[in-house]
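This report concerns only the one structure given below.
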Amino acid sequence: MTAAPLTIAVTGLNATDNPGPGVGVIRALRAHPDFQGRIVGLAYDSLDPGIYAHDLVDDVFLMPYPSQGLAAFSTRLAEVHGRVPFDVVIPTLDAEIPTFIDLEPQLRTLGIGSFLPSQELFDLRSKAHLAHLGEIANINTPATRVIADPNDLRQLEGKLEYPFWVKGAYYGATEVHDVHEAIAAYHQMVAKWGVPVIAQAGVDGDEIDVVAVGDGEGGMVGAVPMRKRLLTDKGKGWAGIAIRDPEIEELSRRYFAATKWRGPCEIEMMRSQSGELHLLEINPRFPAWCYLSAGAGMNLPWAVAQLAAGRDVAPMHEYEVGKMFVRISLDQIVSLSDFESIAATGELHRCTPGDAS
Amino acid sequence: MTIPQKLRDLAISETGFLFDPYTGSTFSANEPGLTVLEGLREGLGVADIATRLRESFDVPAAADVERDVGEFVHLLRRSGLVPEEFTA
């Protein structure tokens with residue numbers, strides 16, 4: 001028996017040169033052979049490129065930034081749901097995940113499912129708690145210090161060797177070679193992302209990123225590790241290849257077993273030149289390259305949509321090793337009426353609202 | 001000789017394109033290189049691989065084929081395709 005089609009809301013349509021994951025998630029959902037539903041895009045800016053991907057997104061609504069408060073966000077979500085009722089929502093941006101966690105009970109009463117970690121778990125995987133996370137999951141982590149005052153950086157002399165990384169609370173990482181660079185990077189991160197800022201020892205080696213989903217009970221629904229083959233000047237992966245390494249899989253399993261993480265995440269790790277794996281970071285959402293999971297035969301966004309809808313998903317093990325992604329940048333041609341619709345009314349529809357087929 | 005798991009798992013195409021599934025690294029090998037890799041995966045030692053190379057290719061009589069095989073194995077070690085302690 002075929003399950004009922006789902007209307008799925010997805011955020012993160014900012015497919016720029018530092019792309020949000022929304023477009024990758026939507027492409028994966030649409031690539032699944034059982035997909036018959038409708039995609040609602042939730043955007044924050046009228047020029048988010050994913051808004052204009054007409055073959056991907058059926059309806060788009062502009063949202064207030066989560067920083068404008070829970071009430072404004074929740075009111076707008078309820079409005080959107082009133083216009084185009086959606087069954088599940090997949091948030092994809094770090095800064096909005098706490099808002100969706102807060103709203104989970106309210107969304108449930110509206111009949112909207114999501115598959116997210118608790119706030120406690122969300123905090124545990126933050127960069128500031130990486131060392132603690134490493135301890136409870138028995139995973140190596142680079143030496144990390146939480147910096148709340150630029151003078152703290154002066155105290156690191158002799159404790160953290162240069163060069164090290166100064167990282168923002170949500171995004172951003174700058175390699176620094178002396179205390180002056182470190183303080184400058186601190187102020188840049190605070191201006192952009194607020195406190196705390198993290199100072200983290202560098203690990204030389206190969207970075208490996210894993211897109212994975214935890215079932216919330218300590219199990220791993222599935223995971224696809226990827227090695228970047230081409231980077232942008234911002235260090236973002238522009239090409240990558242699916243790999244398989246039992247040690248990476250084991251580390252990922254340990255993470256889920258120790259935390260009981262619920263939902264998608266990206267596990268960033270480094271294999272040092274001596275061969276040890278070090279956990280660098282856990283991103284609490286799908287990475288922008290998550291379409292590779294679908295391309296390699298393990299469609300993790302689809303799995304999350306099913307889980308968010310309360311459907312069972314069996315653990316997935318198989319994917320095609322060696323499958324690659326190579327990103328492309330292209331210009332979409334947009335009609336003025338589409339831009340007018342999103343800019344003037346905050347919404348854009350490519351089929352009649354309410355027509356869920 | 002124990003054949004390392006990484007060597008067993010190495011994807012080798014007929015064109016000499018090599019893919020290490022553990023790291024995502026890719027390499028190219030020429031025909032003699034492929035012959036050495038195939039020999040190693042069959043568990044052959046240096047002498048047997050050198051014999052196979054002499055039989056398969058037009059090798060000058062003075063060539064030190066055993067040494068060339070040793071250098072190729074060293075290259076595999078350096079590329080992480082066999083463990084550091086691996087010897088053929």
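Ordering of the structure tokens sets the chain letters (A, B, ...); residue numbers start at 1 within each chain; ligands are numbered from 1 in the order shown.
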| Expected answer as a PyMOL selection string: strand (DSSP E or B) residues in segment 152-338 of chain A | chain A and resi 164-167+173-176+197-201+205-215+220-231+237-242+262-272+277-283+324-326
| query | Could you list, as a PyMOL selection string, every residue of chain A that has an atom within 8 Å of an atom of chain B, counting only C-alpha atoms? | reply | chain A and resi 226-227+241-245+321-322
Please provide as a compact mmCIF listing (two decimals) with C-alpha atoms, in the first residue's frame all residues within 12 Å of Arg54 of chain B, with the sequence filter that same-chain residues fewer than 5 positions apart are discarded (counting only C-alpha atoms).
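Everything below was put into result.txt:
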# COMPACT_ATOMS: atom_id res chain seq x y z
CA PRO B 32 53.02 -2.42 -15.48
CA THR B 35 50.27 -5.85 -13.22
CA VAL B 36 52.06 -5.24 -9.92
CA ALA B 47 60.16 -12.24 -7.40
CA ASP B 48 56.95 -13.71 -8.85
CA ILE B 49 55.63 -10.27 -9.76
CA VAL B 59 61.85 -5.52 -20.38
CA PRO B 60 65.56 -4.79 -21.06
CA ALA B 61 67.74 -7.63 -19.81
CA ALA B 62 69.71 -5.31 -17.53
CA ALA B 63 66.63 -3.87 -15.84
CA ASP B 64 66.36 -4.43 -12.08
CA VAL B 65 62.67 -5.32 -12.10
CA GLU B 66 62.65 -6.51 -8.47
CA ASP B 68 61.18 -1.39 -9.50
CA VAL B 69 58.49 -3.53 -7.85
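Comparing the minimum interatomic distances between Gly216 of chain A and each of A:Ser341, A:Gln273, A:Gln200, A:Ser118, counting only C-alpha atoms, we find that A:Ser118 sits nearest.
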| task | Report as a list of chain:residue names: the residues of segment 2-51 of chain B with a DSSP assignment of alpha helix (DSSP H), based on the backbone of this structure. | result | B:Gln5, B:Lys6, B:Leu7, B:Arg8, B:Asp9, B:Glu31, B:Pro32, B:Gly33, B:Leu34, B:Thr35, B:Val36, B:Leu37, B:Glu38, B:Gly39, B:Leu40, B:Arg41, B:Val46, B:Ala47, B:Asp48, B:Ile49, B:Ala50, B:Thr51
Residue selection dump (N, CA and C atoms) as a PDB file, in the first residue's frame:
ATOM      1  N   GLN B   5      43.622  -5.469   3.801  1.00  0.00           N
ATOM      2  CA  GLN B   5      42.223  -5.232   3.445  1.00  0.00           C
ATOM      3  C   GLN B   5      42.096  -4.035   2.500  1.00  0.00           C
ATOM      4  N   LYS B   6      42.908  -3.001   2.750  1.00  0.00           N
ATOM      5  CA  LYS B   6      42.810  -1.805   1.900  1.00  0.00           C
ATOM      6  C   LYS B   6      43.141  -2.132   0.449  1.00  0.00           C
ATOM      7  N   LEU B   7      44.105  -3.037   0.279  1.00  0.00           N
ATOM      8  CA  LEU B   7      44.488  -3.439  -1.077  1.00  0.00           C
ATOM      9  C   LEU B   7      43.367  -4.254  -1.724  1.00  0.00           C
ATOM     10  N   ARG B   8      42.719  -5.089  -0.896  1.00  0.00           N
ATOM     11  CA  ARG B   8      41.591  -5.877  -1.420  1.00  0.00           C
ATOM     12  C   ARG B   8      40.453  -4.955  -1.861  1.00  0.00           C
ATOM     13  N   ASP B   9      40.238  -3.878  -1.055  1.00  0.00           N
ATOM     14  CA  ASP B   9      39.088  -3.001  -1.300  1.00  0.00           C
ATOM     15  C   ASP B   9      39.360  -1.942  -2.364  1.00  0.00           C
ATOM     16  N   GLU B  31      50.126   0.253 -17.241  1.00  0.00           N
ATOM     17  CA  GLU B  31      49.918  -1.207 -17.344  1.00  0.00           C
ATOM     18  C   GLU B  31      50.856  -2.009 -16.446  1.00  0.00           C
ATOM     19  N   PRO B  32      52.172  -1.675 -16.424  1.00  0.00           N
ATOM     20  CA  PRO B  32      53.023  -2.422 -15.482  1.00  0.00           C
ATOM     21  C   PRO B  32      52.567  -2.226 -14.035  1.00  0.00           C
ATOM     22  N   GLY B  33      52.127  -1.014 -13.693  1.00  0.00           N
ATOM     23  CA  GLY B  33      51.630  -0.761 -12.338  1.00  0.00           C
ATOM     24  C   GLY B  33      50.436  -1.645 -12.024  1.00  0.00           C
ATOM     25  N   LEU B  34      49.524  -1.759 -13.000  1.00  0.00           N
ATOM     26  CA  LEU B  34      48.352  -2.618 -12.799  1.00  0.00           C
ATOM     27  C   LEU B  34      48.771  -4.068 -12.609  1.00  0.00           C
ATOM     28  N   THR B  35      49.785  -4.466 -13.344  1.00  0.00           N
ATOM     29  CA  THR B  35      50.273  -5.854 -13.221  1.00  0.00           C
ATOM     30  C   THR B  35      50.819  -6.086 -11.801  1.00  0.00           C
ATOM     31  N   VAL B  36      51.542  -5.104 -11.286  1.00  0.00           N
ATOM     32  CA  VAL B  36      52.061  -5.242  -9.917  1.00  0.00           C
ATOM     33  C   VAL B  36      50.895  -5.317  -8.932  1.00  0.00           C
ATOM     34  N   LEU B  37      49.924  -4.413  -9.091  1.00  0.00           N
ATOM     35  CA  LEU B  37      48.778  -4.403  -8.160  1.00  0.00           C
ATOM     36  C   LEU B  37      48.029  -5.737  -8.195  1.00  0.00           C
ATOM     37  N   GLU B  38      47.819  -6.243  -9.408  1.00  0.00           N
ATOM     38  CA  GLU B  38      47.104  -7.522  -9.524  1.00  0.00           C
ATOM     39  C   GLU B  38      47.897  -8.629  -8.830  1.00  0.00           C
ATOM     40  N   GLY B  39      49.212  -8.593  -9.023  1.00  0.00           N
ATOM     41  CA  GLY B  39      50.064  -9.604  -8.388  1.00  0.00           C
ATOM     42  C   GLY B  39      49.993  -9.511  -6.868  1.00  0.00           C
ATOM     43  N   LEU B  40      50.056  -8.297  -6.358  1.00  0.00           N
ATOM     44  CA  LEU B  40      49.971  -8.115  -4.904  1.00  0.00           C
ATOM     45  C   LEU B  40      48.636  -8.614  -4.378  1.00  0.00           C
ATOM     46  N   ARG B  41      47.571  -8.352  -5.134  1.00  0.00           N
ATOM     47  CA  ARG B  41      46.242  -8.792  -4.671  1.00  0.00           C
ATOM     48  C   ARG B  41      46.082 -10.301  -4.749  1.00  0.00           C
ATOM     49  N   VAL B  46      57.640 -10.392  -4.481  1.00  0.00           N
ATOM     50  CA  VAL B  46      58.336  -9.517  -5.437  1.00  0.00           C
ATOM     51  C   VAL B  46      58.890 -10.317  -6.619  1.00  0.00           C
ATOM     52  N   ALA B  47      59.512 -11.459  -6.328  1.00  0.00           N
ATOM     53  CA  ALA B  47      60.159 -12.236  -7.401  1.00  0.00           C
ATOM     54  C   ALA B  47      59.132 -12.717  -8.427  1.00  0.00           C
ATOM     55  N   ASP B  48      57.990 -13.198  -7.923  1.00  0.00           N
ATOM     56  CA  ASP B  48      56.951 -13.707  -8.847  1.00  0.00           C
ATOM     57  C   ASP B  48      56.353 -12.571  -9.671  1.00  0.00           C
ATOM     58  N   ILE B  49      56.186 -11.409  -9.023  1.00  0.00           N
ATOM     59  CA  ILE B  49      55.627 -10.266  -9.764  1.00  0.00           C
ATOM     60  C   ILE B  49      56.630  -9.811 -10.828  1.00  0.00           C
ATOM     61  N   ALA B  50      57.909  -9.806 -10.473  1.00  0.00           N
ATOM     62  CA  ALA B  50      58.939  -9.402 -11.436  1.00  0.00           C
ATOM     63  C   ALA B  50      58.942 -10.365 -12.629  1.00  0.00           C
ATOM     64  N   THR B  51      58.788 -11.639 -12.354  1.00  0.00           N
ATOM     65  CA  THR B  51      58.734 -12.631 -13.442  1.00  0.00           C
ATOM     66  C   THR B  51      57.555 -12.341 -14.356  1.00  0.00           C
TER      67      THR B  51
END
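Once Leu103 of chain A and its same-chain neighbours fewer than 6 positions away are set aside, Leu70, Ala71, Phe73, Ser74, Leu77, Ile97 and Ser114 of chain A remain within 10 Å of it when counting only C-alpha atoms.
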Please produce an output containing C-alpha atoms for each residue in the selection, written as a CSV table (one decimal), in the first residue's frame.
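The resulting out.csv:
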chain,number,residue,atom,x,y,z
A,70,LEU,CA,9.1,33.2,18.9
A,71,ALA,CA,5.6,34.8,18.7
A,73,PHE,CA,7.7,33.2,13.9
A,74,SER,CA,4.9,31.0,15.3
A,77,LEU,CA,4.0,29.5,10.6
A,97,ILE,CA,16.6,24.9,15.0
A,114,SER,CA,9.1,17.3,12.8
If you count only C-alpha atoms, which residues fall within 8 Å of Ser46 of chain A, apart from same-chain ones fewer than 2 positions away, as a compact mmCIF listing (two decimals) with all heavy atoms, in the first residue's frame?
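Result written to out.txt:
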# COMPACT_ATOMS: atom_id res chain seq x y z
N ALA A 43 11.28 30.87 3.26
CA ALA A 43 12.48 31.65 2.95
C ALA A 43 12.56 32.87 3.85
O ALA A 43 11.55 33.31 4.42
CB ALA A 43 12.44 32.07 1.49
N TYR A 44 13.76 33.42 3.96
CA TYR A 44 13.95 34.61 4.81
C TYR A 44 14.24 35.86 3.99
O TYR A 44 14.24 36.96 4.52
CB TYR A 44 15.09 34.36 5.81
CG TYR A 44 14.74 33.29 6.83
CD1 TYR A 44 15.30 32.03 6.73
CD2 TYR A 44 13.84 33.56 7.85
CE1 TYR A 44 14.98 31.05 7.65
CE2 TYR A 44 13.51 32.58 8.77
CZ TYR A 44 14.08 31.32 8.67
OH TYR A 44 13.74 30.35 9.57
N ASP A 48 16.38 34.79 -1.99
CA ASP A 48 16.93 33.45 -1.78
C ASP A 48 16.76 32.65 -3.08
O ASP A 48 15.63 32.51 -3.58
CB ASP A 48 16.19 32.74 -0.64
CG ASP A 48 16.67 33.17 0.74
OD1 ASP A 48 17.70 33.87 0.81
OD2 ASP A 48 16.02 32.81 1.73
N ILE A 51 13.87 30.06 -3.96
CA ILE A 51 12.49 30.51 -4.20
C ILE A 51 12.14 30.36 -5.68
O ILE A 51 11.02 30.02 -6.04
CB ILE A 51 12.36 32.01 -3.80
CG1 ILE A 51 12.52 32.17 -2.30
CG2 ILE A 51 11.04 32.59 -4.29
CD1 ILE A 51 12.59 33.64 -1.86
N LEU A 62 7.63 33.90 2.70
CA LEU A 62 8.67 34.59 3.45
C LEU A 62 8.37 34.49 4.93
O LEU A 62 7.22 34.61 5.35
CB LEU A 62 8.74 36.07 3.05
CG LEU A 62 9.51 36.43 1.79
CD1 LEU A 62 9.59 37.95 1.64
CD2 LEU A 62 10.92 35.84 1.80
N PHE A 339 8.97 37.68 -8.76
CA PHE A 339 9.68 38.51 -7.77
C PHE A 339 8.70 39.45 -7.08
O PHE A 339 8.72 39.63 -5.86
CB PHE A 339 10.81 39.29 -8.45
CG PHE A 339 11.59 40.14 -7.49
CD1 PHE A 339 12.29 39.57 -6.43
CD2 PHE A 339 11.61 41.51 -7.62
CE1 PHE A 339 12.99 40.36 -5.53
CE2 PHE A 339 12.31 42.32 -6.73
CZ PHE A 339 13.01 41.73 -5.68
N ILE A 342 6.60 37.56 -4.40
CA ILE A 342 7.28 37.24 -3.13
C ILE A 342 7.63 38.54 -2.39
O ILE A 342 7.53 38.61 -1.16
CB ILE A 342 8.52 36.34 -3.37
CG1 ILE A 342 8.95 35.65 -2.08
CG2 ILE A 342 9.69 37.06 -3.95
CD1 ILE A 342 8.14 34.48 -1.68
N ALA A 343 8.01 39.59 -3.15
CA ALA A 343 8.44 40.82 -2.49
C ALA A 343 7.24 41.60 -1.93
O ALA A 343 7.32 42.18 -0.85
CB ALA A 343 9.22 41.69 -3.47
N GLY A 346 4.79 38.37 0.01
CA GLY A 346 5.47 37.41 0.89
C GLY A 346 5.15 35.97 0.56
O GLY A 346 5.46 35.07 1.34
| message | Set the distance at 8 Å and use only C-alpha atoms: which residues neighbour Pro66 of chain A once local chain neighbours fewer than 2 positions away are removed? I'd like the list as number ranges by chain. | response | A: 64, 68-70, 73, 95-96, 99
Output for the residues just chosen: N, CA and C atoms as a PDB file, in the first residue's frame:
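In the end it all went to out-v7.pdb:
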ATOM      1  N   PRO A  64       9.598  35.602   9.055  1.00  0.00           N
ATOM      2  CA  PRO A  64      10.417  36.529   9.841  1.00  0.00           C
ATOM      3  C   PRO A  64      11.639  35.779  10.348  1.00  0.00           C
ATOM      4  N   GLN A  68      13.508  37.634  15.469  1.00  0.00           N
ATOM      5  CA  GLN A  68      12.410  38.569  15.735  1.00  0.00           C
ATOM      6  C   GLN A  68      11.446  38.047  16.791  1.00  0.00           C
ATOM      7  N   GLY A  69      11.740  36.874  17.310  1.00  0.00           N
ATOM      8  CA  GLY A  69      10.950  36.373  18.434  1.00  0.00           C
ATOM      9  C   GLY A  69      10.076  35.192  18.054  1.00  0.00           C
ATOM     10  N   LEU A  70       9.823  34.385  19.085  1.00  0.00           N
ATOM     11  CA  LEU A  70       9.051  33.157  18.896  1.00  0.00           C
ATOM     12  C   LEU A  70       7.622  33.456  18.439  1.00  0.00           C
ATOM     13  N   PHE A  73       7.393  34.356  14.768  1.00  0.00           N
ATOM     14  CA  PHE A  73       7.700  33.179  13.940  1.00  0.00           C
ATOM     15  C   PHE A  73       6.524  32.199  13.963  1.00  0.00           C
ATOM     16  N   ALA A  95      20.590  28.415  13.084  1.00  0.00           N
ATOM     17  CA  ALA A  95      20.050  29.469  13.938  1.00  0.00           C
ATOM     18  C   ALA A  95      18.550  29.332  14.171  1.00  0.00           C
ATOM     19  N   GLU A  96      17.869  28.567  13.344  1.00  0.00           N
ATOM     20  CA  GLU A  96      16.417  28.451  13.512  1.00  0.00           C
ATOM     21  C   GLU A  96      16.014  27.167  14.236  1.00  0.00           C
ATOM     22  N   THR A  99      14.317  27.469  17.625  1.00  0.00           N
ATOM     23  CA  THR A  99      12.939  27.966  17.499  1.00  0.00           C
ATOM     24  C   THR A  99      11.995  26.819  17.148  1.00  0.00           C
TER      25      THR A  99
END
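Here atom CA of Ser56 of chain B stands at a distance of 18.9 Å from atom CA of Glu71 of chain B.
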| task | Would you mind listing what lies within 8 Å of Leu130 of chain A as a list in words, with only C-alpha atoms counted and same-chain residues fewer than 4 positions away left out? | result | Leu124, Arg125, Ser126, Gly134, Thr141, Thr144, Leu280 and Glu281 of chain A
Same residues, N, CA and C atoms, output as a CSV table (one decimal), in the first residue's frame:
chain,number,residue,atom,x,y,z
A,124,LEU,N,24.2,20.3,23.8
A,124,LEU,CA,25.3,19.4,24.0
A,124,LEU,C,26.3,19.4,22.8
A,125,ARG,N,25.7,19.4,21.6
A,125,ARG,CA,26.6,19.3,20.5
A,125,ARG,C,27.2,20.6,20.0
A,126,SER,N,26.9,21.7,20.8
A,126,SER,CA,27.4,23.0,20.4
A,126,SER,C,28.9,23.0,20.5
A,134,GLY,N,32.9,14.7,23.4
A,134,GLY,CA,33.9,13.8,23.1
A,134,GLY,C,34.1,12.8,24.2
A,141,THR,N,38.7,14.7,20.5
A,141,THR,CA,38.4,16.0,20.0
A,141,THR,C,39.6,16.9,20.2
A,144,THR,N,40.0,22.5,22.9
A,144,THR,CA,39.0,23.5,22.7
A,144,THR,C,38.9,24.4,23.9
A,280,LEU,N,35.5,17.2,15.0
A,280,LEU,CA,35.6,18.7,14.9
A,280,LEU,C,34.4,19.4,15.3
A,281,GLU,N,33.2,18.9,14.9
A,281,GLU,CA,32.0,19.6,15.0
A,281,GLU,C,30.8,18.7,14.7
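The interatomic distance for the pair atom CA of Val304 of chain A and atom CA of His129 of chain A works out to 25.6 Å.
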